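Dropping structure_10.pdb in here (PDB, C-alpha atoms, pLDDT in the B column):
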```
ATOM      1  CA  MET A   1       0.000   0.000   0.000  1.00 41.00           C
ATOM      2  CA  ILE A   2       1.619   3.256  -1.148  1.00 45.00           C
ATOM      3  CA  ASN A   3       0.721   6.810  -0.171  1.00 41.00           C
ATOM      4  CA  VAL A   4       1.137   8.947  -3.251  1.00 41.00           C
ATOM      5  CA  LEU A   5      -1.067  12.032  -3.254  1.00 40.00           C
ATOM      6  CA  LYS A   6      -2.870  14.083  -0.629  1.00 40.00           C
ATOM      7  CA  ILE A   7      -5.593  16.411  -1.852  1.00 41.00           C
ATOM      8  CA  GLY A   8      -8.809  17.920  -0.595  1.00 45.00           C
ATOM      9  CA  PRO A   9     -11.088  16.538   2.129  1.00 43.00           C
ATOM     10  CA  GLU A  10     -11.234  12.904   3.117  1.00 44.00           C
ATOM     11  CA  ASP A  11     -14.550  12.304   1.396  1.00 47.00           C
ATOM     12  CA  MET A  12     -13.535  12.246  -2.256  1.00 53.00           C
ATOM     13  CA  SER A  13     -15.674  10.914  -5.083  1.00 73.00           C
ATOM     14  CA  TYR A  14     -14.010   9.724  -8.254  1.00 77.00           C
ATOM     15  CA  THR A  15     -14.230   7.380 -11.205  1.00 86.00           C
ATOM     16  CA  LYS A  16     -11.763   4.603 -11.976  1.00 89.00           C
ATOM     17  CA  ASN A  17     -11.027   2.960 -15.322  1.00 94.00           C
ATOM     18  CA  ILE A  18      -9.247  -0.404 -15.064  1.00 95.00           C
ATOM     19  CA  TYR A  19      -7.551  -2.051 -18.065  1.00 96.00           C
ATOM     20  CA  GLU A  20      -6.565  -5.665 -17.432  1.00 95.00           C
ATOM     21  CA  PHE A  21      -3.913  -7.489 -19.460  1.00 93.00           C
ATOM     22  CA  ASP A  22      -2.161 -10.830 -19.063  1.00 89.00           C
ATOM     23  CA  ASN A  23       0.821  -9.304 -17.257  1.00 88.00           C
ATOM     24  CA  ALA A  24      -0.314  -5.826 -16.269  1.00 92.00           C
ATOM     25  CA  ILE A  25      -3.177  -3.730 -14.921  1.00 95.00           C
ATOM     26  CA  GLU A  26      -3.450  -0.075 -15.959  1.00 96.00           C
ATOM     27  CA  VAL A  27      -5.535   2.239 -13.785  1.00 95.00           C
ATOM     28  CA  GLU A  28      -6.862   5.740 -14.456  1.00 93.00           C
ATOM     29  CA  GLU A  29      -8.525   7.644 -11.620  1.00 89.00           C
ATOM     30  CA  LYS A  30     -10.111  11.050 -12.001  1.00 85.00           C
ATOM     31  CA  HIS A  31     -12.554  13.387 -10.355  1.00 77.00           C
ATOM     32  CA  THR A  32     -15.349  14.864 -12.422  1.00 64.00           C
ATOM     33  CA  TYR A  33     -17.875  17.645 -11.968  1.00 56.00           C
ATOM     34  CA  ARG A  34     -20.659  15.089 -11.689  1.00 52.00           C
ATOM     35  CA  TYR A  35     -19.052  13.348  -8.735  1.00 44.00           C
ATOM     36  CA  ARG A  36     -17.331  16.320  -7.104  1.00 49.00           C
ATOM     37  CA  SER A  37     -17.602  16.313  -3.331  1.00 47.00           C
ATOM     38  CA  PRO A  38     -18.936  19.383  -1.511  1.00 48.00           C
ATOM     39  CA  GLY A  39     -16.105  21.729  -0.651  1.00 50.00           C
ATOM     40  CA  MET A  40     -13.668  20.131  -3.073  1.00 51.00           C
ATOM     41  CA  LYS A  41     -11.431  22.708  -4.696  1.00 55.00           C
ATOM     42  CA  ARG A  42     -10.151  22.600  -8.237  1.00 53.00           C
ATOM     43  CA  GLU A  43      -7.821  24.718 -10.305  1.00 53.00           C
ATOM     44  CA  LYS A  44      -9.256  27.109 -12.873  1.00 60.00           C
ATOM     45  CA  LYS A  45     -10.036  25.545 -16.238  1.00 61.00           C
ATOM     46  CA  LYS A  46      -7.367  26.424 -18.790  1.00 66.00           C
ATOM     47  CA  LYS A  47      -6.973  26.317 -22.556  1.00 76.00           C
ATOM     48  CA  LEU A  48      -4.020  24.245 -23.723  1.00 72.00           C
ATOM     49  CA  THR A  49      -1.251  25.887 -25.711  1.00 82.00           C
ATOM     50  CA  PRO A  50      -0.285  24.307 -29.063  1.00 83.00           C
ATOM     51  CA  ALA A  51       2.836  22.850 -27.412  1.00 81.00           C
ATOM     52  CA  GLN A  52       0.783  21.383 -24.560  1.00 78.00           C
ATOM     53  CA  MET A  53      -1.714  19.935 -27.047  1.00 83.00           C
ATOM     54  CA  LYS A  54       1.123  18.247 -28.964  1.00 86.00           C
ATOM     55  CA  ALA A  55       2.422  16.761 -25.725  1.00 84.00           C
ATOM     56  CA  VAL A  56      -1.055  15.473 -24.812  1.00 84.00           C
ATOM     57  CA  ASN A  57      -1.544  13.953 -28.265  1.00 89.00           C
ATOM     58  CA  GLN A  58       1.845  12.246 -28.084  1.00 92.00           C
ATOM     59  CA  LYS A  59       1.089  10.856 -24.631  1.00 92.00           C
ATOM     60  CA  ASN A  60      -2.235   9.500 -25.882  1.00 92.00           C
ATOM     61  CA  LYS A  61      -0.542   7.912 -28.916  1.00 96.00           C
ATOM     62  CA  GLU A  62       1.980   6.169 -26.649  1.00 95.00           C
ATOM     63  CA  LYS A  63      -0.823   5.019 -24.348  1.00 95.00           C
ATOM     64  CA  THR A  64      -2.864   3.598 -27.234  1.00 96.00           C
ATOM     65  CA  CYS A  65       0.208   1.841 -28.648  1.00 97.00           C
ATOM     66  CA  ARG A  66       1.144   0.413 -25.238  1.00 95.00           C
ATOM     67  CA  ARG A  67      -2.330  -1.032 -24.736  1.00 96.00           C
ATOM     68  CA  LYS A  68      -2.360  -2.587 -28.186  1.00 97.00           C
ATOM     69  CA  LEU A  69       1.024  -4.147 -27.472  1.00 96.00           C
ATOM     70  CA  ARG A  70      -0.125  -5.542 -24.129  1.00 94.00           C
ATOM     71  CA  LYS A  71      -3.414  -6.794 -25.548  1.00 95.00           C
ATOM     72  CA  HIS A  72      -2.366  -8.319 -28.865  1.00 96.00           C
ATOM     73  CA  PHE A  73       1.325  -9.246 -28.672  1.00 95.00           C
ATOM     74  CA  GLU A  74       3.518 -11.630 -26.695  1.00 92.00           C
ATOM     75  CA  GLU A  75       7.015 -11.228 -25.296  1.00 88.00           C
ATOM     76  CA  ASN A  76       8.420 -13.542 -27.967  1.00 91.00           C
ATOM     77  CA  ASP A  77       6.864 -11.773 -30.919  1.00 96.00           C
ATOM     78  CA  TYR A  78       9.264  -9.840 -33.117  1.00 96.00           C
ATOM     79  CA  PHE A  79      10.540  -6.292 -32.953  1.00 96.00           C
ATOM     80  CA  VAL A  80      12.045  -5.719 -36.417  1.00 97.00           C
ATOM     81  CA  CYS A  81      14.115  -3.060 -38.097  1.00 97.00           C
ATOM     82  CA  LEU A  82      13.810  -2.883 -41.883  1.00 98.00           C
ATOM     83  CA  THR A  83      16.728  -0.912 -43.286  1.00 98.00           C
ATOM     84  CA  TYR A  84      17.384   0.684 -46.657  1.00 98.00           C
ATOM     85  CA  GLU A  85      20.478   0.298 -48.773  1.00 97.00           C
ATOM     86  CA  LYS A  86      21.701   3.760 -49.713  1.00 96.00           C
ATOM     87  CA  GLU A  87      20.854   3.427 -53.400  1.00 97.00           C
ATOM     88  CA  LYS A  88      17.352   2.123 -52.597  1.00 97.00           C
ATOM     89  CA  ARG A  89      16.266   4.904 -50.259  1.00 98.00           C
ATOM     90  CA  PRO A  90      12.849   6.439 -51.010  1.00 98.00           C
ATOM     91  CA  SER A  91      12.547   9.993 -52.251  1.00 97.00           C
ATOM     92  CA  ASP A  92       9.863  10.889 -49.695  1.00 97.00           C
ATOM     93  CA  MET A  93       7.483   9.449 -47.103  1.00 98.00           C
ATOM     94  CA  THR A  94       4.839   8.620 -49.719  1.00 98.00           C
ATOM     95  CA  GLU A  95       7.282   6.316 -51.490  1.00 98.00           C
ATOM     96  CA  ALA A  96       8.378   4.787 -48.151  1.00 98.00           C
ATOM     97  CA  LYS A  97       4.774   4.007 -47.271  1.00 98.00           C
ATOM     98  CA  ARG A  98       4.364   2.347 -50.672  1.00 98.00           C
ATOM     99  CA  ASP A  99       7.482   0.238 -50.036  1.00 98.00           C
ATOM    100  CA  PHE A 100       6.025  -0.946 -46.740  1.00 98.00           C
ATOM    101  CA  SER A 101       2.630  -1.618 -48.287  1.00 98.00           C
ATOM    102  CA  ASP A 102       4.226  -3.741 -51.032  1.00 98.00           C
ATOM    103  CA  ALA A 103       6.126  -5.752 -48.423  1.00 98.00           C
ATOM    104  CA  MET A 104       2.970  -6.270 -46.366  1.00 98.00           C
ATOM    105  CA  LYS A 105       1.182  -7.777 -49.367  1.00 98.00           C
ATOM    106  CA  VAL A 106       3.795 -10.533 -49.439  1.00 98.00           C
ATOM    107  CA  ILE A 107       3.789 -10.963 -45.652  1.00 98.00           C
ATOM    108  CA  ARG A 108      -0.006 -11.119 -45.503  1.00 98.00           C
ATOM    109  CA  ARG A 109      -0.103 -13.708 -48.279  1.00 98.00           C
ATOM    110  CA  GLU A 110       2.556 -15.911 -46.631  1.00 98.00           C
ATOM    111  CA  TYR A 111       0.870 -15.690 -43.222  1.00 98.00           C
ATOM    112  CA  GLY A 112      -2.419 -16.686 -44.859  1.00 98.00           C
ATOM    113  CA  LYS A 113      -0.829 -19.720 -46.490  1.00 98.00           C
ATOM    114  CA  ALA A 114       0.360 -20.822 -43.041  1.00 97.00           C
ATOM    115  CA  GLY A 115      -3.114 -20.315 -41.528  1.00 98.00           C
ATOM    116  CA  TYR A 116      -2.391 -17.087 -39.598  1.00 98.00           C
ATOM    117  CA  LYS A 117      -3.427 -13.464 -39.704  1.00 98.00           C
ATOM    118  CA  VAL A 118      -0.673 -10.887 -39.460  1.00 98.00           C
ATOM    119  CA  LYS A 119      -0.775  -8.204 -36.753  1.00 98.00           C
ATOM    120  CA  TRP A 120       1.585  -5.266 -36.867  1.00 98.00           C
ATOM    121  CA  ILE A 121       2.546  -1.841 -35.548  1.00 98.00           C
ATOM    122  CA  ARG A 122       5.113   0.223 -37.424  1.00 98.00           C
ATOM    123  CA  ASN A 123       6.876   3.563 -37.523  1.00 98.00           C
ATOM    124  CA  ILE A 124       8.675   4.700 -40.677  1.00 98.00           C
ATOM    125  CA  GLU A 125      11.526   7.019 -39.744  1.00 98.00           C
ATOM    126  CA  VAL A 126      13.942   9.225 -41.657  1.00 98.00           C
ATOM    127  CA  GLY A 127      16.809  10.895 -39.854  1.00 96.00           C
ATOM    128  CA  THR A 128      18.216  14.359 -40.311  1.00 94.00           C
ATOM    129  CA  LYS A 129      21.019  12.794 -42.420  1.00 94.00           C
ATOM    130  CA  ASN A 130      18.492  11.066 -44.732  1.00 95.00           C
ATOM    131  CA  GLY A 131      18.833   7.605 -43.200  1.00 96.00           C
ATOM    132  CA  TRP A 132      15.564   5.685 -43.709  1.00 98.00           C
ATOM    133  CA  HIS A 133      14.321   2.635 -41.784  1.00 98.00           C
ATOM    134  CA  VAL A 134      11.122   1.030 -40.527  1.00 98.00           C
ATOM    135  CA  HIS A 135      10.554  -0.146 -36.954  1.00 98.00           C
ATOM    136  CA  LEU A 136       8.014  -2.976 -36.993  1.00 98.00           C
ATOM    137  CA  VAL A 137       6.294  -5.050 -34.309  1.00 98.00           C
ATOM    138  CA  ILE A 138       4.807  -8.224 -35.784  1.00 98.00           C
ATOM    139  CA  ASN A 139       3.299 -11.412 -34.383  1.00 98.00           C
ATOM    140  CA  ARG A 140       5.784 -14.261 -34.774  1.00 97.00           C
ATOM    141  CA  ILE A 141       4.836 -17.497 -36.502  1.00 97.00           C
ATOM    142  CA  PRO A 142       7.095 -20.306 -37.817  1.00 97.00           C
ATOM    143  CA  ASP A 143       9.519 -18.856 -40.403  1.00 97.00           C
ATOM    144  CA  THR A 144       8.535 -15.234 -39.827  1.00 98.00           C
ATOM    145  CA  ASP A 145      12.171 -14.195 -40.293  1.00 97.00           C
ATOM    146  CA  LEU A 146      12.269 -15.934 -43.678  1.00 98.00           C
ATOM    147  CA  ILE A 147       8.952 -14.375 -44.713  1.00 98.00           C
ATOM    148  CA  LEU A 148      10.228 -10.909 -43.830  1.00 98.00           C
ATOM    149  CA  ARG A 149      13.390 -11.417 -45.836  1.00 98.00           C
ATOM    150  CA  LYS A 150      11.317 -12.579 -48.801  1.00 98.00           C
ATOM    151  CA  ALA A 151       9.079  -9.504 -48.551  1.00 98.00           C
ATOM    152  CA  TRP A 152      11.670  -6.777 -47.894  1.00 98.00           C
ATOM    153  CA  LYS A 153      14.065  -6.221 -50.792  1.00 97.00           C
ATOM    154  CA  LYS A 154      15.258  -2.717 -49.896  1.00 98.00           C
ATOM    155  CA  GLY A 155      17.901  -3.613 -47.316  1.00 98.00           C
ATOM    156  CA  LYS A 156      18.513  -5.657 -44.173  1.00 98.00           C
ATOM    157  CA  VAL A 157      15.919  -7.321 -41.922  1.00 98.00           C
ATOM    158  CA  ILE A 158      17.014  -7.249 -38.272  1.00 97.00           C
ATOM    159  CA  CYS A 159      14.823  -9.275 -35.879  1.00 96.00           C
ATOM    160  CA  GLN A 160      14.835  -9.412 -32.097  1.00 93.00           C
ATOM    161  CA  LEU A 161      12.321 -10.634 -29.546  1.00 91.00           C
ATOM    162  CA  MET A 162      10.066  -7.865 -28.290  1.00 85.00           C
ATOM    163  CA  TYR A 163      10.980  -8.223 -24.633  1.00 70.00           C
ATOM    164  CA  GLU A 164      14.606  -7.465 -25.442  1.00 58.00           C
ATOM    165  CA  LYS A 165      13.458  -3.853 -25.848  1.00 53.00           C
ATOM    166  CA  GLY A 166      12.213  -3.811 -22.263  1.00 53.00           C
ATOM    167  CA  GLU A 167       8.680  -3.804 -20.896  1.00 69.00           C
ATOM    168  CA  PHE A 168       6.009  -2.800 -23.412  1.00 87.00           C
ATOM    169  CA  LYS A 169       5.847   0.721 -21.995  1.00 88.00           C
ATOM    170  CA  ASP A 170       9.382   1.397 -23.222  1.00 90.00           C
ATOM    171  CA  LEU A 171       8.685  -0.177 -26.593  1.00 93.00           C
ATOM    172  CA  ALA A 172       5.534   1.920 -27.057  1.00 95.00           C
ATOM    173  CA  ALA A 173       7.504   5.111 -26.453  1.00 94.00           C
ATOM    174  CA  TYR A 174      10.246   3.952 -28.809  1.00 94.00           C
ATOM    175  CA  ILE A 175       7.997   2.992 -31.723  1.00 96.00           C
ATOM    176  CA  THR A 176       5.899   6.177 -31.551  1.00 97.00           C
ATOM    177  CA  LYS A 177       8.877   8.546 -31.774  1.00 96.00           C
ATOM    178  CA  THR A 178       8.502  11.824 -33.650  1.00 96.00           C
ATOM    179  CA  PRO A 179      10.898  14.674 -34.499  1.00 96.00           C
ATOM    180  CA  GLU A 180       9.546  16.412 -31.385  1.00 94.00           C
ATOM    181  CA  THR A 181      10.560  13.528 -29.110  1.00 94.00           C
ATOM    182  CA  ASP A 182      13.790  12.604 -30.935  1.00 96.00           C
ATOM    183  CA  LYS A 183      15.755  15.431 -32.561  1.00 95.00           C
ATOM    184  CA  ARG A 184      17.687  12.938 -34.714  1.00 96.00           C
ATOM    185  CA  LEU A 185      14.530  12.406 -36.776  1.00 97.00           C
ATOM    186  CA  ARG A 186      13.315  14.557 -39.652  1.00 97.00           C
ATOM    187  CA  GLU A 187       9.976  12.847 -40.294  1.00 97.00           C
ATOM    188  CA  THR A 188       8.028   9.812 -39.082  1.00 98.00           C
ATOM    189  CA  SER A 189       4.860   7.920 -39.993  1.00 98.00           C
ATOM    190  CA  TYR A 190       3.156   5.737 -37.385  1.00 98.00           C
ATOM    191  CA  SER A 191       0.461   3.181 -38.225  1.00 98.00           C
ATOM    192  CA  THR A 192      -1.014  -0.167 -37.124  1.00 98.00           C
ATOM    193  CA  SER A 193      -2.982  -3.000 -38.659  1.00 98.00           C
ATOM    194  CA  ARG A 194      -6.748  -2.760 -38.261  1.00 97.00           C
ATOM    195  CA  ASN A 195      -7.131  -5.981 -36.269  1.00 98.00           C
ATOM    196  CA  LEU A 196      -5.867  -4.502 -32.997  1.00 98.00           C
ATOM    197  CA  PRO A 197      -8.979  -3.250 -31.168  1.00 97.00           C
ATOM    198  CA  LEU A 198      -8.355  -1.436 -27.907  1.00 94.00           C
ATOM    199  CA  PRO A 199      -9.398  -3.240 -24.720  1.00 91.00           C
ATOM    200  CA  GLU A 200     -12.532  -2.138 -22.900  1.00 93.00           C
ATOM    201  CA  ALA A 201     -12.092  -0.608 -19.467  1.00 94.00           C
ATOM    202  CA  LYS A 202     -13.834  -1.836 -16.346  1.00 94.00           C
ATOM    203  CA  LYS A 203     -15.400   1.312 -14.967  1.00 91.00           C
ATOM    204  CA  LYS A 204     -16.127   1.974 -11.310  1.00 85.00           C
ATOM    205  CA  THR A 205     -17.430   5.015  -9.481  1.00 80.00           C
ATOM    206  CA  TYR A 206     -16.588   5.641  -5.834  1.00 75.00           C
ATOM    207  CA  VAL A 207     -18.956   8.093  -4.165  1.00 69.00           C
ATOM    208  CA  ARG A 208     -17.746   9.621  -0.884  1.00 58.00           C
ATOM    209  CA  TRP A 209     -14.850   7.116  -0.919  1.00 52.00           C
ATOM    210  CA  ARG A 210     -11.957   7.630   1.508  1.00 57.00           C
ATOM    211  CA  THR A 211      -9.057   5.908  -0.212  1.00 55.00           C
ATOM    212  CA  TRP A 212      -7.961   8.286  -2.985  1.00 61.00           C
ATOM    213  CA  ASN A 213      -4.666   8.766  -1.164  1.00 67.00           C
ATOM    214  CA  LYS A 214      -3.801   5.073  -1.331  1.00 78.00           C
ATOM    215  CA  ILE A 215      -2.958   2.722  -4.197  1.00 85.00           C
ATOM    216  CA  ARG A 216      -4.041  -0.807  -3.373  1.00 85.00           C
ATOM    217  CA  ILE A 217      -1.779  -3.449  -4.885  1.00 90.00           C
ATOM    218  CA  PRO A 218      -3.337  -6.884  -5.543  1.00 90.00           C
ATOM    219  CA  LYS A 219      -1.457  -9.974  -4.439  1.00 92.00           C
ATOM    220  CA  GLY A 220       1.049 -11.081  -7.055  1.00 93.00           C
ATOM    221  CA  TYR A 221       1.608  -7.574  -8.451  1.00 93.00           C
ATOM    222  CA  TYR A 222       3.928  -4.650  -7.806  1.00 92.00           C
ATOM    223  CA  ILE A 223       3.610  -1.031  -8.829  1.00 92.00           C
ATOM    224  CA  ASP A 224       5.667   0.357 -11.682  1.00 91.00           C
ATOM    225  CA  LYS A 225       6.788   3.518  -9.882  1.00 90.00           C
ATOM    226  CA  ASP A 226       7.747   5.239 -13.137  1.00 89.00           C
ATOM    227  CA  SER A 227       4.143   4.825 -14.335  1.00 91.00           C
ATOM    228  CA  VAL A 228       2.624   6.916 -11.534  1.00 92.00           C
ATOM    229  CA  HIS A 229       1.447  10.263 -12.891  1.00 89.00           C
ATOM    230  CA  GLU A 230      -0.769  12.593 -10.912  1.00 86.00           C
ATOM    231  CA  GLY A 231      -1.814  16.192 -10.679  1.00 83.00           C
ATOM    232  CA  ASN A 232      -4.618  18.396 -11.981  1.00 79.00           C
ATOM    233  CA  ASN A 233      -5.981  17.953 -15.479  1.00 76.00           C
ATOM    234  CA  PRO A 234      -5.027  21.177 -17.314  1.00 73.00           C
ATOM    235  CA  VAL A 235      -8.379  21.246 -19.133  1.00 72.00           C
ATOM    236  CA  THR A 236     -10.898  20.305 -16.425  1.00 72.00           C
ATOM    237  CA  GLY A 237      -8.858  21.456 -13.431  1.00 74.00           C
ATOM    238  CA  TYR A 238      -9.755  18.299 -11.463  1.00 77.00           C
ATOM    239  CA  PRO A 239      -7.231  15.888  -9.907  1.00 81.00           C
ATOM    240  CA  TYR A 240      -6.249  12.711 -11.737  1.00 87.00           C
ATOM    241  CA  ARG A 241      -3.906   9.782 -11.208  1.00 90.00           C
ATOM    242  CA  GLU A 242      -2.612   7.051 -13.518  1.00 93.00           C
ATOM    243  CA  TYR A 243      -0.479   4.042 -12.659  1.00 94.00           C
ATOM    244  CA  THR A 244       0.375   0.514 -13.786  1.00 94.00           C
ATOM    245  CA  LEU A 245       0.617  -2.698 -11.774  1.00 94.00           C
ATOM    246  CA  LEU A 246       2.880  -5.434 -13.147  1.00 91.00           C
ATOM    247  CA  LYS A 247       2.917  -9.113 -12.322  1.00 88.00           C
ATOM    248  CA  LEU A 248       5.763 -10.059 -10.011  1.00 86.00           C
ATOM    249  CA  LYS A 249       7.219 -12.445 -12.580  1.00 71.00           C
ATOM    250  CA  ARG A 250       8.442  -9.396 -14.509  1.00 47.00           C
ATOM    251  CA  ARG A 251      11.122  -8.988 -11.838  1.00 45.00           C
ATOM    252  CA  GLU A 252      12.389 -12.552 -12.130  1.00 44.00           C
TER     253      GLU A 252
END
```
Would you mind writing the structure in this file as structure tokens?
Amino acid sequence: MINVLKIGPEDMSYTKNIYEFDNAIEVEEKHTYRYRSPGMKREKKKKLTPAQMKAVNQKNKEKTCRRKLRKHFEENDYFVCLTYEKEKRPSDMTEAKRDFSDAMKVIRREYGKAGYKVKWIRNIEVGTKNGWHVHLVINRIPDTDLILRKAWKKGKVICQLMYEKGEFKDLAAYITKTPETDKRLRETSYSTSRNLPLPEAKKKTYVRWRTWNKIRIPKGYYIDKDSVHEGNNPVTGYPYREYTLLKLKRRE
């Protein structure tokens, strides 16, 4: 049980969204006008600046990617880098997207022959020195490495198991990079396959509840301390808190 935030009176009312995955539980807690307790103070509602809006959008993109990774992929699926030989580099992002699309036609066909459907998340990146590559997360089936090499004729295919990039939170941040988050990049294009629906949240409302100041950790889990974010929502002015619980086996 961890004390993390002390705000307002003891009788706080708030909503909680719980996202459950095989190896993690993500929790979002927030106060709303509808459930605001008498006497509860909030900061004045503010309009976000363009820079703040970009930061919010990037955070939401990382969050969506992380949940798709946790929901639809396994630790032993592949994290792939598709490189370009210098003479085969695309002239622009439109051509790079076409290169990826052509490769996916081959991959999709080969997966279908083997009785599987392909799932993927990718980010096409070009650096400030015109170095092009594609970061790709893909579900691994027998001979995936051979299929990728058959499909990608522009350069090297470098495969590693997803967990070698760290927990899925780190991978989500890495594969959603933009020139704003990584100054080595000039342009990026992020996309996913359509068969990765987001998980539904279990929603709970606590009216006049007295435990906002405490995070309760279920048996068999520990809190990812770096995942704890709390404060006042800059738009609504009401307090919020987000955190992730990971299964203990992650430490082993």
Two-atom distance - atom CA of Thr188 of chain A, atom CA of Asn123 of chain A (Å):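 We find that atom CA of Thr188 of chain A and atom CA of Asn123 of chain A lie 6.5 Å from each other.
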On this structure, which residues satisfy the PyMOL selection byres ((chain A and resi 28) around 9), written as JSON, numbers by chain? {"A": [15, 16, 17, 18, 19, 26, 27, 29, 30, 240, 241, 242, 243, 244]}
Requested write-out: C-alpha atoms of the selected residues, as a PDB file, in the coordinates of the input:
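Okay, this is what ended up in selection26.pdb:
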```
ATOM      1  CA  THR A  15     -14.230   7.380 -11.205  1.00 86.00           C
ATOM      2  CA  LYS A  16     -11.763   4.603 -11.976  1.00 89.00           C
ATOM      3  CA  ASN A  17     -11.027   2.960 -15.322  1.00 94.00           C
ATOM      4  CA  ILE A  18      -9.247  -0.404 -15.064  1.00 95.00           C
ATOM      5  CA  TYR A  19      -7.551  -2.051 -18.065  1.00 96.00           C
ATOM      6  CA  GLU A  26      -3.450  -0.075 -15.959  1.00 96.00           C
ATOM      7  CA  VAL A  27      -5.535   2.239 -13.785  1.00 95.00           C
ATOM      8  CA  GLU A  29      -8.525   7.644 -11.620  1.00 89.00           C
ATOM      9  CA  LYS A  30     -10.111  11.050 -12.001  1.00 85.00           C
ATOM     10  CA  TYR A 240      -6.249  12.711 -11.737  1.00 87.00           C
ATOM     11  CA  ARG A 241      -3.906   9.782 -11.208  1.00 90.00           C
ATOM     12  CA  GLU A 242      -2.612   7.051 -13.518  1.00 93.00           C
ATOM     13  CA  TYR A 243      -0.479   4.042 -12.659  1.00 94.00           C
ATOM     14  CA  THR A 244       0.375   0.514 -13.786  1.00 94.00           C
TER      15      THR A 244
END
```
I would like the residues chosen by the PyMOL selection byres ((chain A and resi 184) around 10) on the shown file; could you give them as a list in words? Glu125, Val126, Gly127, Thr128, Lys129, Thr178, Pro179, Glu180, Thr181, Asp182, Lys183, Leu185, Arg186 and Glu187 of chain A
Limited to C-alpha atoms, could you put the picked residues into a file as an mmCIF file, keeping the file's coordinate frame?
```
data_model
loop_
_atom_site.group_PDB
_atom_site.id
_atom_site.type_symbol
_atom_site.label_atom_id
_atom_site.label_comp_id
_atom_site.auth_asym_id
_atom_site.auth_seq_id
_atom_site.Cartn_x
_atom_site.Cartn_y
_atom_site.Cartn_z
ATOM 1 C CA GLU A 125 11.526 7.019 -39.744
ATOM 2 C CA VAL A 126 13.942 9.225 -41.657
ATOM 3 C CA GLY A 127 16.809 10.895 -39.854
ATOM 4 C CA THR A 128 18.216 14.359 -40.311
ATOM 5 C CA LYS A 129 21.019 12.794 -42.420
ATOM 6 C CA THR A 178 8.502 11.824 -33.650
ATOM 7 C CA PRO A 179 10.898 14.674 -34.499
ATOM 8 C CA GLU A 180 9.546 16.412 -31.385
ATOM 9 C CA THR A 181 10.560 13.528 -29.110
ATOM 10 C CA ASP A 182 13.790 12.604 -30.935
ATOM 11 C CA LYS A 183 15.755 15.431 -32.561
ATOM 12 C CA LEU A 185 14.530 12.406 -36.776
ATOM 13 C CA ARG A 186 13.315 14.557 -39.652
ATOM 14 C CA GLU A 187 9.976 12.847 -40.294
#
```
List as a ChimeraX atom specification the protein and nucleic acid residues near Met162 of chain A, meaning an atom at most 9 Å away when only C-alpha atoms are counted, but skip any in the same chain fewer than 4 places from it. /A:73-80,137,166-168,171
Counting only C-alpha atoms, the residue of A:Val157, A:Ala151, A:Ile121, A:Ile223 that sits nearest Thr64 of chain A: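 Among A:Val157, A:Ala151, A:Ile121, A:Ile223, it is A:Ile121 that comes nearest to Thr64 of chain A.
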Which one of A:Ala173, A:Tyr14, A:Asn130, A:Lys88 sits closest to Tyr238 of chain A if you count all atoms listed in the file?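 Checking each of A:Ala173, A:Tyr14, A:Asn130, A:Lys88 against Tyr238 of chain A, counting all atoms listed in the file, the winner is A:Tyr14.
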Would you list the contacts of Asp170 of chain A as a ChimeraX atom specification, taking every protein, DNA or RNA residue within 12 Å and counting all atoms listed in the file, but skipping same-chain residues closer than 6 positions in sequence? /A:62-63,65-66,69-70,162-164,176-177,226-227
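Distance annotation: of A:Tyr174, A:Trp120, A:Phe21, A:Trp132, the residue with the minimal separation from Ser91 of chain A is A:Trp132; atom set is only C-alpha atoms.
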With all atoms listed in the file as the basis for distance, which of A:Asp99, A:Asp22, A:Trp152, A:Thr192 is at the shortest distance from Ile138 of chain A?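 Distance minimum relative to Ile138 of chain A lands on A:Thr192.
Between atom CA of Ser189 of chain A and atom CA of Met104 of chain A the separation is 15.7 Å.
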Using all atoms listed in the file, which residue out of A:Pro234, A:Thr94, A:Asn60, A:Gly220 lies closest to Lys249 of chain A?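 Among the listed residues, the smallest separation from Lys249 of chain A belongs to A:Gly220.
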So what do you get for atom CA of Asn57 of chain A versus atom CA of Asn23 of chain A, distance-wise?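 Computing it gives 25.8 Å between the two atoms.
Proximity to Pro197 of chain A at 9 Å, evaluated using only C-alpha atoms and with sequence-adjacent residues fewer than 3 positions away removed, yields A:Lys68, A:Lys71, A:His72, A:Arg194.
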Between A:Asn195, A:Gln52, A:Ser101, A:Thr83, which has the minimum distance to His133 of chain A (counting only C-alpha atoms)?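 Closest candidate: A:Thr83.
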Could you write segment 199-203 of chain A as a PDB file, in the coordinates of the input, with N, CA, C and O atoms rebuilt where they are missing?
```
ATOM      1  N   PRO A 199      -8.624  -2.549 -25.751  1.00 91.00           N
ATOM      2  CA  PRO A 199      -9.398  -3.240 -24.720  1.00 91.00           C
ATOM      3  C   PRO A 199     -10.421  -2.312 -24.071  1.00 91.00           C
ATOM      4  O   PRO A 199     -10.231  -1.099 -24.010  1.00 91.00           O
ATOM      5  N   GLU A 200     -11.514  -2.901 -23.609  1.00 93.00           N
ATOM      6  CA  GLU A 200     -12.532  -2.138 -22.900  1.00 93.00           C
ATOM      7  C   GLU A 200     -12.133  -1.991 -21.432  1.00 93.00           C
ATOM      8  O   GLU A 200     -11.586  -2.919 -20.828  1.00 93.00           O
ATOM      9  N   ALA A 201     -12.414  -0.848 -20.870  1.00 94.00           N
ATOM     10  CA  ALA A 201     -12.092  -0.608 -19.467  1.00 94.00           C
ATOM     11  C   ALA A 201     -13.226  -1.078 -18.567  1.00 94.00           C
ATOM     12  O   ALA A 201     -14.399  -0.975 -18.924  1.00 94.00           O
ATOM     13  N   LYS A 202     -12.863  -1.613 -17.412  1.00 94.00           N
ATOM     14  CA  LYS A 202     -13.834  -1.836 -16.346  1.00 94.00           C
ATOM     15  C   LYS A 202     -13.981  -0.521 -15.592  1.00 94.00           C
ATOM     16  O   LYS A 202     -12.993   0.021 -15.098  1.00 94.00           O
ATOM     17  N   LYS A 203     -15.196  -0.014 -15.544  1.00 91.00           N
ATOM     18  CA  LYS A 203     -15.400   1.312 -14.967  1.00 91.00           C
ATOM     19  C   LYS A 203     -16.092   1.206 -13.606  1.00 91.00           C
ATOM     20  O   LYS A 203     -17.062   0.482 -13.451  1.00 91.00           O
TER      21      LYS A 203
END
```
